[in-house]
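**Q** Data: upload_29.csv, CSV, C-alpha atoms and all ligand atoms.
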```csv
chain,number,residue,atom,x,y,z
N,1303,MET,CA,0.0,0.0,0.0
N,1304,GLU,CA,1.1,3.6,-0.7
N,1305,THR,CA,1.8,5.8,2.3
N,1306,LEU,CA,-0.9,8.2,3.1
N,1307,LEU,CA,-0.1,11.8,2.0
N,1308,LEU,CA,-2.6,13.2,4.5
N,1309,SER,CA,-2.6,12.9,8.2
N,1310,GLU,CA,-5.3,11.0,10.1
N,1311,LYS,CA,-6.5,14.3,11.5
N,1312,GLN,CA,-7.0,15.8,8.0
N,1313,ILE,CA,-9.0,12.8,6.8
N,1314,GLU,CA,-11.0,13.0,10.0
N,1315,ILE,CA,-12.1,16.5,9.1
N,1316,ALA,CA,-13.4,15.3,5.8
N,1317,ALA,CA,-15.1,12.3,7.6
N,1318,GLN,CA,-16.9,14.7,9.9
N,1319,LEU,CA,-18.1,16.7,6.9
N,1320,ILE,CA,-19.5,13.5,5.4
N,1321,ARG,CA,-21.3,12.7,8.7
N,1322,ASP,CA,-22.7,16.2,8.7
N,1323,GLY,CA,-24.4,15.6,5.4
N,1324,GLU,CA,-21.9,17.7,3.3
N,1325,VAL,CA,-20.3,17.0,-0.1
N,1326,VAL,CA,-16.6,16.5,-0.3
N,1327,GLY,CA,-14.3,16.1,-3.3
N,1328,ILE,CA,-12.6,12.7,-2.8
N,1329,PRO,CA,-9.6,11.0,-4.4
N,1330,THR,CA,-9.9,7.5,-5.7
N,1331,GLU,CA,-7.6,5.3,-7.8
N,1332,THR,CA,-9.8,5.8,-10.9
N,1333,VAL,CA,-10.9,9.5,-11.0
N,1334,TYR,CA,-11.9,12.0,-8.3
N,1335,GLY,CA,-15.4,11.8,-6.9
N,1336,LEU,CA,-18.0,14.0,-5.2
N,1337,GLY,CA,-18.7,12.1,-2.0
N,1338,ALA,CA,-21.6,12.2,0.5
N,1339,ASP,CA,-23.4,9.9,2.9
N,1340,ALA,CA,-25.3,7.5,0.5
N,1341,SER,CA,-27.9,6.8,3.2
N,1342,ASP,CA,-28.8,10.5,3.7
N,1343,GLU,CA,-31.2,11.7,1.0
N,1344,ASN,CA,-30.5,15.4,1.6
N,1345,ALA,CA,-26.8,14.9,1.3
N,1346,VAL,CA,-27.2,12.9,-1.9
N,1347,ARG,CA,-29.4,15.7,-3.4
N,1348,LYS,CA,-26.5,18.1,-2.8
N,1349,ILE,CA,-24.3,15.9,-5.1
N,1350,PHE,CA,-26.9,16.0,-7.9
N,1351,GLU,CA,-27.2,19.8,-7.5
N,1352,ALA,CA,-23.4,20.4,-7.4
N,1353,LYS,CA,-22.9,18.4,-10.6
N,1354,GLY,CA,-26.0,19.5,-12.4
N,1355,ARG,CA,-26.7,15.8,-12.9
N,1356,PRO,CA,-30.1,14.4,-14.1
N,1357,ALA,CA,-32.0,12.8,-11.2
N,1358,ASP,CA,-32.4,9.4,-13.0
N,1359,ASN,CA,-28.7,8.8,-13.3
N,1360,PRO,CA,-27.8,6.6,-10.3
N,1361,LEU,CA,-24.7,7.0,-8.0
N,1362,ILE,CA,-22.2,4.3,-7.1
N,1363,VAL,CA,-21.9,3.5,-3.4
N,1364,HIS,CA,-18.4,3.1,-2.1
N,1365,LEU,CA,-17.7,0.7,0.9
N,1366,SER,CA,-14.5,-0.1,2.8
N,1367,ASP,CA,-14.9,-3.9,2.3
N,1368,PHE,CA,-17.1,-6.2,0.1
N,1369,SER,CA,-18.4,-7.8,3.3
N,1370,GLU,CA,-20.2,-4.5,3.9
N,1371,ALA,CA,-22.3,-5.0,0.7
N,1372,GLU,CA,-24.6,-7.4,2.7
N,1373,LYS,CA,-25.9,-4.3,4.5
N,1374,TYR,CA,-27.1,-2.5,1.3
N,1375,THR,CA,-28.2,-5.3,-1.0
N,1376,SER,CA,-30.9,-7.9,-1.0
N,1377,TYR,CA,-29.1,-10.6,-2.8
N,1378,ILE,CA,-25.5,-11.3,-3.9
N,1379,PRO,CA,-25.1,-14.0,-6.6
N,1380,GLU,CA,-22.2,-16.5,-6.1
N,1381,LEU,CA,-20.6,-15.2,-9.3
N,1382,ALA,CA,-20.6,-11.6,-7.8
N,1383,ARG,CA,-18.7,-12.9,-4.8
N,1384,LYS,CA,-16.1,-14.6,-7.0
N,1385,LEU,CA,-15.7,-11.3,-8.9
N,1386,ALA,CA,-15.4,-9.4,-5.7
N,1387,ASP,CA,-12.7,-11.8,-4.5
N,1388,LYS,CA,-10.7,-11.1,-7.6
N,1389,PHE,CA,-11.3,-7.4,-8.3
N,1390,CYS,CA,-12.2,-5.7,-5.0
N,1391,PRO,CA,-10.7,-3.4,-3.8
N,1392,GLY,CA,-10.1,-1.8,-7.2
N,1393,PRO,CA,-11.5,-0.1,-10.2
N,1394,PHE,CA,-14.6,-2.3,-10.4
N,1395,THR,CA,-18.3,-1.7,-9.7
N,1396,MET,CA,-21.0,-4.3,-9.5
N,1397,ILE,CA,-24.7,-3.6,-9.9
N,1398,LEU,CA,-26.7,-5.5,-7.3
N,1399,PRO,CA,-30.3,-5.5,-6.1
N,1400,LYS,CA,-30.5,-2.8,-3.4
N,1401,ASN,CA,-32.3,-2.9,-0.1
N,1402,ASP,CA,-34.0,-0.1,1.9
N,1403,ASN,CA,-30.8,1.2,3.4
N,1404,ILE,CA,-30.1,2.8,0.0
N,1405,PRO,CA,-32.6,5.6,-0.7
N,1406,LEU,CA,-34.2,5.8,-4.2
N,1407,VAL,CA,-32.6,9.2,-4.6
N,1408,THR,CA,-29.1,7.5,-4.5
N,1409,SER,CA,-30.1,4.8,-7.0
N,1410,GLY,CA,-31.8,7.2,-9.4
N,1411,GLY,CA,-35.1,5.5,-8.8
N,1412,LEU,CA,-33.8,2.0,-9.7
N,1413,ASP,CA,-34.1,-1.1,-7.5
N,1414,THR,CA,-30.4,-1.8,-7.9
N,1415,VAL,CA,-27.2,-0.2,-6.6
N,1416,GLY,CA,-23.7,0.0,-7.9
N,1417,ILE,CA,-21.2,-1.2,-5.2
N,1418,ARG,CA,-17.5,-0.4,-5.4
N,1419,ILE,CA,-14.6,-0.9,-3.0
N,1420,PRO,CA,-12.0,1.7,-3.8
N,1421,SER,CA,-8.3,0.8,-3.2
N,1422,HIS,CA,-7.1,4.4,-2.8
N,1423,PRO,CA,-5.7,4.5,0.8
N,1424,VAL,CA,-7.1,8.0,1.6
N,1425,MET,CA,-10.5,7.1,0.3
N,1426,HIS,CA,-10.5,3.8,2.1
N,1427,ARG,CA,-9.6,5.5,5.4
N,1428,LEU,CA,-12.2,8.2,4.8
N,1429,ILE,CA,-15.0,5.5,4.5
N,1430,GLU,CA,-13.8,3.8,7.6
N,1431,LEU,CA,-13.6,7.0,9.6
N,1432,SER,CA,-16.9,8.3,8.5
N,1433,GLY,CA,-18.6,5.0,9.2
N,1434,LYS,CA,-20.9,5.7,6.2
N,1435,PRO,CA,-21.4,4.2,2.8
N,1436,ILE,CA,-20.2,7.0,0.5
N,1437,ALA,CA,-22.2,7.8,-2.7
N,1438,ALA,CA,-19.9,9.3,-5.3
N,1439,PRO,CA,-20.1,10.2,-9.0
N,1440,SER,CA,-17.1,11.5,-10.8
N,1441,ALA,CA,-16.4,15.1,-9.6
N,1442,ASN,CA,-16.8,16.9,-12.9
N,1443,VAL,CA,-19.7,19.2,-13.9
N,1444,SER,CA,-22.2,16.9,-15.7
N,1445,GLY,CA,-21.1,16.3,-19.3
N,1446,TYR,CA,-17.5,17.5,-18.8
N,1447,PRO,CA,-14.4,15.2,-18.7
N,1448,SER,CA,-13.8,13.5,-15.3
N,1449,PRO,CA,-11.2,15.0,-13.0
N,1450,THR,CA,-8.0,13.1,-12.3
N,1451,SER,CA,-6.5,15.7,-9.9
N,1452,ALA,CA,-7.6,17.8,-7.0
N,1453,GLN,CA,-6.9,20.9,-9.1
N,1454,HIS,CA,-9.5,19.7,-11.7
N,1455,VAL,CA,-12.1,19.3,-8.9
N,1456,MET,CA,-11.3,22.8,-7.6
N,1457,ARG,CA,-11.8,24.2,-11.0
N,1458,ASP,CA,-15.2,22.6,-11.6
N,1459,MET,CA,-16.6,22.6,-8.1
N,1460,ASN,CA,-14.8,25.3,-6.1
N,1461,SER,CA,-17.8,27.2,-4.7
N,1462,ARG,CA,-20.2,24.3,-4.8
N,1463,ILE,CA,-18.8,21.9,-2.2
N,1464,SER,CA,-17.4,22.0,1.3
N,1465,ALA,CA,-13.8,20.7,0.7
N,1466,VAL,CA,-11.6,18.7,-1.7
N,1467,ILE,CA,-9.1,16.1,-0.3
N,1468,ASP,CA,-5.9,16.1,-2.4
N,1469,GLY,CA,-4.9,12.5,-2.8
N,1470,GLY,CA,-2.5,13.1,-5.7
N,1471,GLN,CA,-3.0,12.2,-9.4
N,1472,SER,CA,-5.5,9.4,-10.0
N,1473,GLN,CA,-3.7,6.2,-10.8
N,1474,PHE,CA,-5.9,4.7,-13.5
N,1475,GLY,CA,-7.4,7.9,-15.0
N,1476,VAL,CA,-10.7,6.5,-16.2
N,1477,GLU,CA,-13.7,5.5,-14.1
N,1478,SER,CA,-14.3,2.0,-12.8
N,1479,THR,CA,-15.5,-0.9,-14.9
N,1480,VAL,CA,-19.3,-1.3,-14.3
N,1481,VAL,CA,-20.8,-4.8,-14.6
N,1482,SER,CA,-24.0,-6.6,-13.8
N,1483,VAL,CA,-24.4,-10.3,-13.3
N,1484,GLU,CA,-27.1,-12.0,-15.3
N,1485,ASN,CA,-28.7,-15.5,-14.7
N,1486,GLY,CA,-25.9,-16.3,-12.3
N,1487,ASP,CA,-23.4,-17.2,-15.0
N,1488,THR,CA,-23.0,-14.2,-17.3
N,1489,VAL,CA,-21.2,-10.9,-16.7
N,1490,ARG,CA,-22.4,-7.8,-18.7
N,1491,ILE,CA,-20.0,-4.9,-19.0
N,1492,LEU,CA,-22.0,-1.7,-18.9
N,1493,ARG,CA,-19.0,0.6,-18.8
N,1494,PRO,CA,-15.5,-0.6,-19.7
N,1495,GLY,CA,-12.6,0.3,-17.4
N,1496,CYS,CA,-9.2,-0.9,-16.2
N,1497,VAL,CA,-10.7,-4.3,-15.1
N,1498,THR,CA,-10.9,-5.5,-18.7
N,1499,LYS,CA,-13.1,-8.1,-20.5
N,1500,GLU,CA,-10.0,-10.2,-20.8
N,1501,MET,CA,-9.4,-10.1,-17.0
N,1502,ILE,CA,-13.1,-11.0,-16.3
N,1503,LEU,CA,-12.9,-13.9,-18.7
N,1504,GLU,CA,-10.4,-15.5,-16.3
N,1505,ILE,CA,-13.3,-15.8,-13.7
N,1506,CYS,CA,-16.3,-16.3,-16.0
N,1507,GLU,CA,-16.5,-17.6,-19.5
N,1508,ASN,CA,-19.6,-15.7,-20.5
N,1509,VAL,CA,-18.8,-12.0,-20.7
N,1510,ILE,CA,-21.0,-9.6,-22.8
N,1511,ILE,CA,-20.1,-6.1,-23.7
N,1512,ASP,CA,-23.3,-4.0,-23.6
N,1513,LYS,CA,-24.2,-2.5,-26.9
N,1514,ALA,CA,-24.1,1.0,-25.5
N,1515,VAL,CA,-20.4,0.7,-24.8
N,1516,ILE,CA,-19.3,1.2,-28.3
N,1517,SER,CA,-22.2,2.7,-30.1
N,1518,GLY,CA,-24.8,5.4,-29.4
N,1519,LEU,CA,-28.3,4.3,-28.3
N,1520,GLU,CA,-31.2,4.8,-30.7
N,1521,LYS,CA,-33.6,7.6,-29.7
N,1522,ASP,CA,-36.1,5.4,-27.8
N,1523,GLU,CA,-33.7,2.7,-26.7
N,1524,LYS,CA,-33.5,2.1,-22.9
N,1525,ALA,CA,-30.0,2.2,-21.4
N,1526,ALA,CA,-29.0,-0.6,-19.1
N,1527,SER,CA,-26.8,2.0,-17.4
N,1528,PRO,CA,-28.5,5.4,-17.4
N,1529,GLY,CA,-25.2,7.3,-17.6
N,1530,MET,CA,-24.5,5.8,-21.1
N,1531,LYS,CA,-27.4,7.7,-22.7
N,1532,TYR,CA,-26.0,11.2,-22.0
N,1533,LYS,CA,-23.4,13.0,-24.1
N,1534,HIS,CA,-20.4,12.9,-21.9
N,1535,TYR,CA,-16.8,13.6,-21.2
N,1536,SER,CA,-16.9,16.5,-23.6
N,1537,PRO,CA,-14.7,19.5,-23.4
N,1538,SER,CA,-15.6,22.8,-25.2
N,1539,ALA,CA,-13.3,21.8,-28.1
N,1540,ASP,CA,-15.0,19.8,-30.9
N,1541,ILE,CA,-13.5,16.3,-30.7
N,1542,VAL,CA,-13.2,14.3,-33.9
N,1543,MET,CA,-12.1,10.7,-33.9
N,1544,ILE,CA,-10.2,9.4,-36.9
N,1545,LYS,CA,-9.6,5.7,-37.4
N,1546,SER,CA,-6.7,5.3,-39.8
N,1547,ASP,CA,-3.0,4.7,-40.0
N,1548,LEU,CA,-0.6,7.6,-39.1
N,1549,GLU,CA,0.0,8.5,-42.8
N,1550,HIS,CA,-3.7,9.0,-43.6
N,1551,PHE,CA,-4.3,10.7,-40.2
N,1552,THR,CA,-1.6,13.2,-40.9
N,1553,GLU,CA,-2.9,13.9,-44.4
N,1554,TYR,CA,-6.5,14.4,-43.1
N,1555,VAL,CA,-5.3,16.9,-40.4
N,1556,GLY,CA,-3.3,18.8,-43.0
N,1557,ASN,CA,-6.4,19.1,-45.2
N,1558,HIS,CA,-8.5,20.4,-42.3
N,1559,TYR,CA,-5.9,22.5,-40.5
N,1560,GLY,CA,-6.3,26.0,-39.3
N,1561,ASP,CA,-6.2,28.3,-36.3
N,1562,ASN,CA,-6.9,26.5,-33.0
N,1563,VAL,CA,-6.9,23.0,-34.7
N,1564,TYR,CA,-4.9,20.3,-32.8
N,1565,ALA,CA,-4.3,16.6,-32.9
N,1566,LEU,CA,-4.2,14.1,-30.1
N,1567,ILE,CA,-1.8,11.4,-31.2
N,1568,PHE,CA,0.1,8.4,-29.7
N,1569,ASP,CA,3.5,8.6,-28.2
N,1570,GLY,CA,5.9,7.9,-31.1
N,1571,ASP,CA,3.6,9.5,-33.7
N,1572,GLU,CA,5.1,12.9,-33.2
N,1573,LYS,CA,8.4,12.4,-35.0
N,1574,ASN,CA,7.4,13.6,-38.5
N,1575,PHE,CA,4.1,15.1,-37.5
N,1576,PRO,CA,4.1,18.7,-38.7
N,1577,TYR,CA,0.9,20.1,-37.0
N,1578,ARG,CA,0.1,21.2,-33.4
N,1579,TYR,CA,-0.5,18.2,-31.2
N,1580,MET,CA,-0.5,16.6,-27.8
N,1581,THR,CA,0.4,12.9,-27.2
N,1582,TYR,CA,-1.5,10.6,-24.9
N,1583,GLY,CA,0.7,7.5,-24.4
N,1584,LYS,CA,1.5,4.5,-26.4
N,1585,ASN,CA,-0.8,1.8,-24.9
N,1586,GLY,CA,-4.3,1.5,-23.4
N,1587,SER,CA,-3.1,2.0,-19.8
N,1588,GLU,CA,-1.1,5.1,-20.5
N,1589,GLN,CA,-3.9,6.5,-22.7
N,1590,ALA,CA,-6.4,5.9,-19.8
N,1591,HIS,CA,-4.1,7.7,-17.4
N,1592,LEU,CA,-3.9,10.7,-19.7
N,1593,VAL,CA,-7.1,11.0,-21.7
N,1594,PHE,CA,-9.2,13.2,-19.5
N,1595,GLN,CA,-6.3,15.4,-18.5
N,1596,ARG,CA,-5.5,16.0,-22.2
N,1597,LEU,CA,-9.2,16.9,-23.0
N,1598,ARG,CA,-9.1,19.5,-20.2
N,1599,GLU,CA,-5.7,20.8,-21.4
N,1600,PHE,CA,-7.1,21.4,-24.9
N,1601,ASP,CA,-9.7,23.7,-23.3
N,1602,ASP,CA,-7.0,25.5,-21.3
N,1603,ILE,CA,-5.3,26.4,-24.6
N,1604,HIS,CA,-8.6,27.3,-26.3
N,1605,ALA,CA,-8.5,24.5,-28.9
N,1606,GLU,CA,-11.6,24.6,-31.1
N,1607,LYS,CA,-11.1,21.3,-33.0
N,1608,VAL,CA,-9.1,18.3,-32.0
N,1609,TYR,CA,-8.5,15.3,-34.3
N,1610,VAL,CA,-7.9,12.2,-32.2
N,1611,ARG,CA,-6.1,9.0,-33.3
N,1612,THR,CA,-8.5,6.2,-32.3
N,1613,PRO,CA,-7.2,3.8,-29.6
N,1614,SER,CA,-7.3,0.0,-30.0
N,1615,LEU,CA,-10.4,-1.7,-28.7
N,1616,ASP,CA,-8.5,-4.4,-26.9
N,1617,GLY,CA,-7.8,-4.5,-23.1
N,1618,VAL,CA,-7.9,-1.1,-21.4
N,1619,GLY,CA,-8.1,0.5,-24.9
N,1620,LEU,CA,-11.8,-0.2,-25.0
N,1621,ALA,CA,-12.4,2.1,-21.9
N,1622,VAL,CA,-10.4,4.9,-23.6
N,1623,TYR,CA,-12.4,4.4,-26.9
N,1624,ASN,CA,-15.7,4.4,-24.9
N,1625,ARG,CA,-14.9,7.8,-23.3
N,1626,LEU,CA,-13.6,9.3,-26.5
N,1627,ILE,CA,-16.5,8.4,-28.8
N,1628,ARG,CA,-18.8,10.0,-26.2
N,1629,ALA,CA,-16.6,13.1,-26.2
N,1630,ALA,CA,-16.9,13.1,-30.0
N,1631,GLY,CA,-20.7,12.6,-30.0
N,1632,PHE,CA,-20.2,9.1,-31.5
N,1633,GLU,CA,-18.7,10.4,-34.7
N,1634,VAL,CA,-15.7,8.3,-36.0
N,1635,ILE,CA,-14.2,9.0,-39.4
N,1636,ARG,CA,-12.7,5.9,-41.0
N,1637,ILE,CA,-10.1,6.4,-43.7
R,1701,LIG,O1,-14.5,5.1,-10.9
R,1701,LIG,C1,-15.7,5.4,-10.7
R,1701,LIG,O2,-16.6,4.6,-10.8
R,1701,LIG,C2,-16.0,6.8,-10.2
R,1701,LIG,C3,-15.3,7.0,-8.8
R,1701,LIG,C4,-15.6,8.3,-8.2
R,1701,LIG,O3,-15.6,5.9,-8.0
R,1701,LIG,N1,-17.4,7.1,-10.1
R,1701,LIG,C5,-18.1,7.2,-11.2
R,1701,LIG,O4,-19.4,7.5,-11.0
R,1701,LIG,O5,-17.7,7.2,-12.3
R,1701,LIG,P1,-20.4,8.2,-12.1
R,1701,LIG,O6,-21.7,8.5,-11.4
R,1701,LIG,O7,-19.7,9.3,-12.8
R,1701,LIG,O8,-20.6,7.0,-13.1
R,1701,LIG,C6,-21.4,5.9,-12.7
R,1701,LIG,C7,-21.9,5.1,-13.8
R,1701,LIG,C8,-23.0,5.9,-14.5
R,1701,LIG,O9,-23.0,5.7,-15.9
R,1701,LIG,C9,-24.3,5.3,-13.9
R,1701,LIG,O10,-25.4,5.4,-14.8
R,1701,LIG,C10,-23.9,3.9,-13.7
R,1701,LIG,O11,-22.5,3.9,-13.4
R,1701,LIG,N2,-24.7,3.2,-12.6
R,1701,LIG,C11,-24.6,3.6,-11.3
R,1701,LIG,N3,-25.5,2.9,-10.6
R,1701,LIG,C12,-26.1,2.1,-11.5
R,1701,LIG,C13,-27.2,1.1,-11.4
R,1701,LIG,N4,-27.8,0.8,-10.3
R,1701,LIG,N5,-27.6,0.5,-12.6
R,1701,LIG,C14,-27.0,0.8,-13.8
R,1701,LIG,N6,-26.0,1.7,-13.9
R,1701,LIG,C15,-25.6,2.3,-12.8
R,1702,MG,MG,-19.2,10.4,-14.4
```
What does the file become when written as structure tokens?
Ligand code: TXA
Ligand code: MG
**A**
Amino acid sequence: METLLLSEKQIEIAAQLIRDGEVVGIPTETVYGLGADASDENAVRKIFEAKGRPADNPLIVHLSDFSEAEKYTSYIPELARKLADKFCPGPFTMILPKNDNIPLVTSGGLDTVGIRIPSHPVMHRLIELSGKPIAAPSANVSGYPSPTSAQHVMRDMNSRISAVIDGGQSQFGVESTVVSVENGDTVRILRPGCVTKEMILEICENVIIDKAVISGLEKDEKAASPGMKYKHYSPSADIVMIKSDLEHFTEYVGNHYGDNVYALIFDGDEKNFPYRYMTYGKNGSEQAHLVFQRLREFDDIHAEKVYVRTPSLDGVGLAVYNRLIRAAGFEVIRI
């Protein structure tokens, strides 16, 4: 385990704010969250208000240990326990049937609840000290890229919340993998993350990637995960995904170049790339770590259009792809 960057007393101040029904910016190993007592309806309403989040989009409940899930759920399938043994604590959320200890405000009106056991040592200690289940969405203003540092949270939420705990740069950089268990033997991935399909296949041979993960939903289609139906992760700059080799990508950017036009390319692409660019790593894990930070940096430099080299759909790459196509409004140009 990492050493804590904060003293026990500092975390206790935040824990007291949580017990008092306030909203606190919290570090996790995926992205920063906006945390409040999941069992306190008024506290949870403050989260929705601070984010400008639609009331039908449920919150994930964070616990210190998977054994605590018994208190907030009505049933835990055997397969869910197996998954928890392998992936908790970590960047992994399971949708389970909720019980009355989770108010409907927290679950967005659904009869299920997302349960996650974060591994970040500060977050873990905060849950223990508060003695509360902590509901937390990502700490961005609704629709904007998720925050991966305390500075990002300050920028989005400064006057709207009571405090931000600085737990350093988020380790993974994209939000947790969200799954549901179906018929006791099938795992459905509702949102891809750093616990990948390939990793889940080691525990369970039936893994389905929900349709909403890589394509937009039709107008009247119902989302298995409400968050998937909203335009998301989107900076002010217009994001355009391009699926091609580097040569055609470079040519396309050249043909569409102008003031405030940028490219987001892989590490190693920059050698002969003659246009303005930022890089975002050379593999899925590095891209996950950097993608939201880069999207925010493009806004800082007033980029108007950003052409993005499309990541691979394998492993963690699928999570990066899922965030970027939402930022791009589902438009991918194939050359
Ligand atoms: O890594 C994470 O999961 C971060 C950190 C803070 O833990 N949290 C996070 O929360 O990303 P949020 O609210 O930004 O995204 C949660 C996603 C949403 O798409 C939501 O619709 C879905 O999970 N979700 C939550 N509860 C659900 C439920 N009961 N059924 C289906 N989908 C659910
Ligand atoms: Mg979010």
**Q** CA of Ile1511 (chain N) to CA of Gly1335 (chain N): how many Å, to one decimal?
**A**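 Here the two named atoms are 25.0 Å from each other.
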**Q** Could you check which of N:Glu1477, N:Asp1402, N:Glu1430, N:Asp1540 is closest to ligand MG 1702 (chain R), using only C-alpha atoms and all ligand atoms?
**A**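 Among the listed residues, N:Glu1477 lies closest to ligand MG 1702 (chain R).
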**Q** Compute the set of protein, DNA and RNA residues whose minimum atom distance to ligand LIG 1701 (chain R) is at most 6 Å, using only C-alpha atoms and all ligand atoms, and state it as a ChimeraX atom specification.
**A** /N:1332-1335,1359-1362,1397,1409,1414-1416,1438-1440,1477-1478,1526-1530
**Q** How far is it from CA of Ser1614 (chain N) to CA of Asn1574 (chain N), in Å with one decimal?
**A**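 Between CA of Ser1614 (chain N) and CA of Asn1574 (chain N) the gap is 21.8 Å.
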**Q** Which is closest to Arg1347 (chain N) among N:Gly1327, N:Ser1366, N:Val1407, N:Ser1472, if we use all atoms listed in the file?
**A**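 When distances to Arg1347 (chain N) are compared using all atoms listed in the file, the smallest one comes from N:Val1407.
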**Q** For Pro1435 (chain N), which residue among N:Ser1536, N:Gln1453, N:Ser1341, N:Ser1517 is the nearest when counting all atoms listed in the file?
**A**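 The answer is N:Ser1341, which sits nearest to Pro1435 (chain N).
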**Q** When you draw a straight line from CA of Arg1493 (chain N) to CA of Pro1393 (chain N), how long is it in Å?
**A** 11.4 Å
**Q** If you count only C-alpha atoms, which residues fall within 12 Å of Leu1592 (chain N), apart from same-chain ones fewer than 4 positions away, as a VMD selection string?
**A** chain N and resid 1332 to 1333 1447 to 1451 1471 to 1476 1566 to 1569 1580 to 1588 1596 to 1599 1622 1625 to 1626
**Q** For Asp1601 (chain N), list every protein, DNA or RNA residue within 8 Å, evaluated using only C-alpha atoms, and leave out those in the same chain fewer than 5 positions away; present the list as number ranges by chain.
**A** N: 1537-1539
**Q** I'd like the neighbourhood of Pro1379 (chain N) as a list in words, where a residue qualifies if any of its atoms comes within 8 Å (using only C-alpha atoms), though same-chain residues fewer than 4 positions away should be ignored.
**A** Arg1383, Val1483 and Gly1486 of chain N
**Q** Using only C-alpha atoms and all ligand atoms, which of the listed residues (N:Ile1320, N:Val1515, N:Ile1467, N:Leu1336) sits closest to ligand MG 1702 (chain R)?
**A** N:Leu1336
**Q** At most 9 Å from (-17.2, -11.6, 1.6), file frame, only C-alpha atoms: which residues, as a PyMOL selection string?
**A** chain N and resi 1367-1372+1383+1386-1387
**Q** Could you give me, as a PyMOL selection string, the residues within 10 Å of Ser1421 (chain N), counting only C-alpha atoms and dropping anything in the same chain fewer than 2 positions from it?
**A** chain N and resi 1303+1330-1332+1366-1367+1390-1393+1418-1419+1423-1427
